[in-house]
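I have placed the structure first, in the form of structure tokens, so that the comments after it can refer back to it.
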Amino acid sequence: MKEKGRAMEWFRTKHDELAGTARTNFAAHGLEPGREAYHLDSLHYTTVEQMEAICPAGIDLDRYATLANGNVGYDEADAHWDDAAWWDEQGAGHVGRGRRHSR
């Protein structure tokens, strides 16, 4: 039996951790001009290194990008939780394109 609500809980945990890092960056003006960063919302960015420390490249980054962009619902995410190929396909349009920026 699949664990219901796993995707929502995972996403909220990762998002809270990333948001805390991003708020620190914002308060400290911690991103130099021209540095690559992930755009989390209208004001908040994390560095590539910070993002990869919290959501390593691969299935974690694909999961985060897919859920953050609202591409799938949590029930669908739960159904495909361990399917790396499915997450790769879902995240393909968002990881490295449209969410990762040079500031």
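Ligands are numbered from 1 in the order shown, residues from 1 within each chain, and chains are lettered A, B, ... in the order they appear in the structure tokens.
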> Got a sec: who's within 10 Å of Ala68 in chain A, counting only C-alpha atoms, leaving out chain neighbours fewer than 4 positions off, as a list in words?
Replying inline: Phe11, Arg12, His15, Leu40, Asp41, Asp62, Arg63, Tyr64, Val72 and His94 of chain A
Just write the chosen residues, C-alpha atoms, as a CSV table (one decimal), in the first residue's frame.
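selection_37.csv written:
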chain,number,residue,atom,x,y,z
A,11,PHE,CA,7.1,19.1,-0.5
A,12,ARG,CA,6.1,21.2,2.5
A,15,HIS,CA,9.8,24.2,0.6
A,40,LEU,CA,11.2,30.3,-5.6
A,41,ASP,CA,8.7,33.1,-5.8
A,62,ASP,CA,12.4,16.9,-10.4
A,63,ARG,CA,9.9,16.3,-7.6
A,64,TYR,CA,10.3,19.8,-6.2
A,72,VAL,CA,0.5,17.4,-10.8
A,94,HIS,CA,11.0,23.3,-15.3
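Counting only C-alpha atoms, Ala65 in chain A has the following residues at most 9 Å away, ignoring those fewer than 2 positions along the same chain: Asp60, Leu61, Asp62, Arg63, Leu67, Ala68, Asn69, Gly70, Asn71, Gln90, Gly91, Ala92, His94, Val95 and Arg99 of chain A.
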>> I need the residues in chain A that are alpha helix (DSSP H) according to DSSP; give them as a PyMOL selection string.
In response: chain A and resi 6-28+48-54+59-68+74-79+84-91
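If you count only C-alpha atoms and ignore residues fewer than 3 places along the chain from Arg6 in chain A, what sits within 12 Å of it is Lys2, Glu3, Glu9, Trp10, Phe11, Arg12, Thr13, Arg63, Gly73, Tyr74, Asp75, Glu76, Ala77, Asp78, Ala79, His80, Trp81 and Asp82 of chain A.
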Please save N, CA and C atoms of the selected residues as a PDB file, in the first residue's frame.
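As a result, selection_23.pdb now contains:
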ATOM      1  N   LYS A   2       0.547   2.191  -0.837  1.00  0.00           N
ATOM      2  CA  LYS A   2       1.306   3.434  -0.925  1.00  0.00           C
ATOM      3  C   LYS A   2       0.916   4.355   0.233  1.00  0.00           C
ATOM      4  N   GLU A   3       1.900   5.103   0.680  1.00  0.00           N
ATOM      5  CA  GLU A   3       1.683   6.033   1.785  1.00  0.00           C
ATOM      6  C   GLU A   3       0.980   7.286   1.272  1.00  0.00           C
ATOM      7  N   GLU A   9       3.627  16.125   2.297  1.00  0.00           N
ATOM      8  CA  GLU A   9       4.500  16.292   3.452  1.00  0.00           C
ATOM      9  C   GLU A   9       5.945  16.556   3.004  1.00  0.00           C
ATOM     10  N   TRP A  10       6.427  15.783   2.031  1.00  0.00           N
ATOM     11  CA  TRP A  10       7.775  15.968   1.516  1.00  0.00           C
ATOM     12  C   TRP A  10       7.951  17.365   0.937  1.00  0.00           C
ATOM     13  N   PHE A  11       6.994  17.788   0.101  1.00  0.00           N
ATOM     14  CA  PHE A  11       7.094  19.094  -0.539  1.00  0.00           C
ATOM     15  C   PHE A  11       7.083  20.217   0.497  1.00  0.00           C
ATOM     16  N   ARG A  12       6.199  20.149   1.458  1.00  0.00           N
ATOM     17  CA  ARG A  12       6.134  21.209   2.476  1.00  0.00           C
ATOM     18  C   ARG A  12       7.433  21.303   3.263  1.00  0.00           C
ATOM     19  N   THR A  13       8.014  20.161   3.596  1.00  0.00           N
ATOM     20  CA  THR A  13       9.282  20.150   4.328  1.00  0.00           C
ATOM     21  C   THR A  13      10.395  20.788   3.507  1.00  0.00           C
ATOM     22  N   ARG A  63      11.058  16.252  -8.448  1.00  0.00           N
ATOM     23  CA  ARG A  63       9.855  16.282  -7.598  1.00  0.00           C
ATOM     24  C   ARG A  63       9.546  17.706  -7.167  1.00  0.00           C
ATOM     25  N   GLY A  73      -1.074  16.948  -9.115  1.00  0.00           N
ATOM     26  CA  GLY A  73      -1.620  16.994  -7.766  1.00  0.00           C
ATOM     27  C   GLY A  73      -0.882  16.024  -6.859  1.00  0.00           C
ATOM     28  N   TYR A  74      -1.095  16.157  -5.569  1.00  0.00           N
ATOM     29  CA  TYR A  74      -0.405  15.310  -4.605  1.00  0.00           C
ATOM     30  C   TYR A  74      -0.796  13.839  -4.738  1.00  0.00           C
ATOM     31  N   ASP A  75      -2.056  13.547  -5.051  1.00  0.00           N
ATOM     32  CA  ASP A  75      -2.461  12.144  -5.209  1.00  0.00           C
ATOM     33  C   ASP A  75      -1.723  11.491  -6.379  1.00  0.00           C
ATOM     34  N   GLU A  76      -1.610  12.210  -7.490  1.00  0.00           N
ATOM     35  CA  GLU A  76      -0.881  11.673  -8.633  1.00  0.00           C
ATOM     36  C   GLU A  76       0.600  11.522  -8.287  1.00  0.00           C
ATOM     37  N   ALA A  77       1.142  12.491  -7.572  1.00  0.00           N
ATOM     38  CA  ALA A  77       2.548  12.407  -7.153  1.00  0.00           C
ATOM     39  C   ALA A  77       2.776  11.197  -6.256  1.00  0.00           C
ATOM     40  N   ASP A  78       1.862  10.961  -5.316  1.00  0.00           N
ATOM     41  CA  ASP A  78       1.977   9.791  -4.440  1.00  0.00           C
ATOM     42  C   ASP A  78       1.982   8.491  -5.254  1.00  0.00           C
ATOM     43  N   ALA A  79       1.169   8.439  -6.291  1.00  0.00           N
ATOM     44  CA  ALA A  79       1.053   7.226  -7.105  1.00  0.00           C
ATOM     45  C   ALA A  79       2.337   6.912  -7.878  1.00  0.00           C
ATOM     46  N   HIS A  80       3.157   7.930  -8.125  1.00  0.00           N
ATOM     47  CA  HIS A  80       4.387   7.756  -8.907  1.00  0.00           C
ATOM     48  C   HIS A  80       5.640   8.053  -8.083  1.00  0.00           C
ATOM     49  N   TRP A  81       5.525   8.024  -6.770  1.00  0.00           N
ATOM     50  CA  TRP A  81       6.580   8.501  -5.875  1.00  0.00           C
ATOM     51  C   TRP A  81       7.975   7.964  -6.198  1.00  0.00           C
ATOM     52  N   ASP A  82       8.115   6.686  -6.450  1.00  0.00           N
ATOM     53  CA  ASP A  82       9.427   6.085  -6.662  1.00  0.00           C
ATOM     54  C   ASP A  82       9.796   5.889  -8.135  1.00  0.00           C
TER      55      ASP A  82
END
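Atom to atom, CA of Asp88 in chain A and CA of Glu36 in chain A stand 21.5 Å apart.
Atom to atom, CA of Ala27 in chain A and CA of Glu52 in chain A stand 20.9 Å apart.
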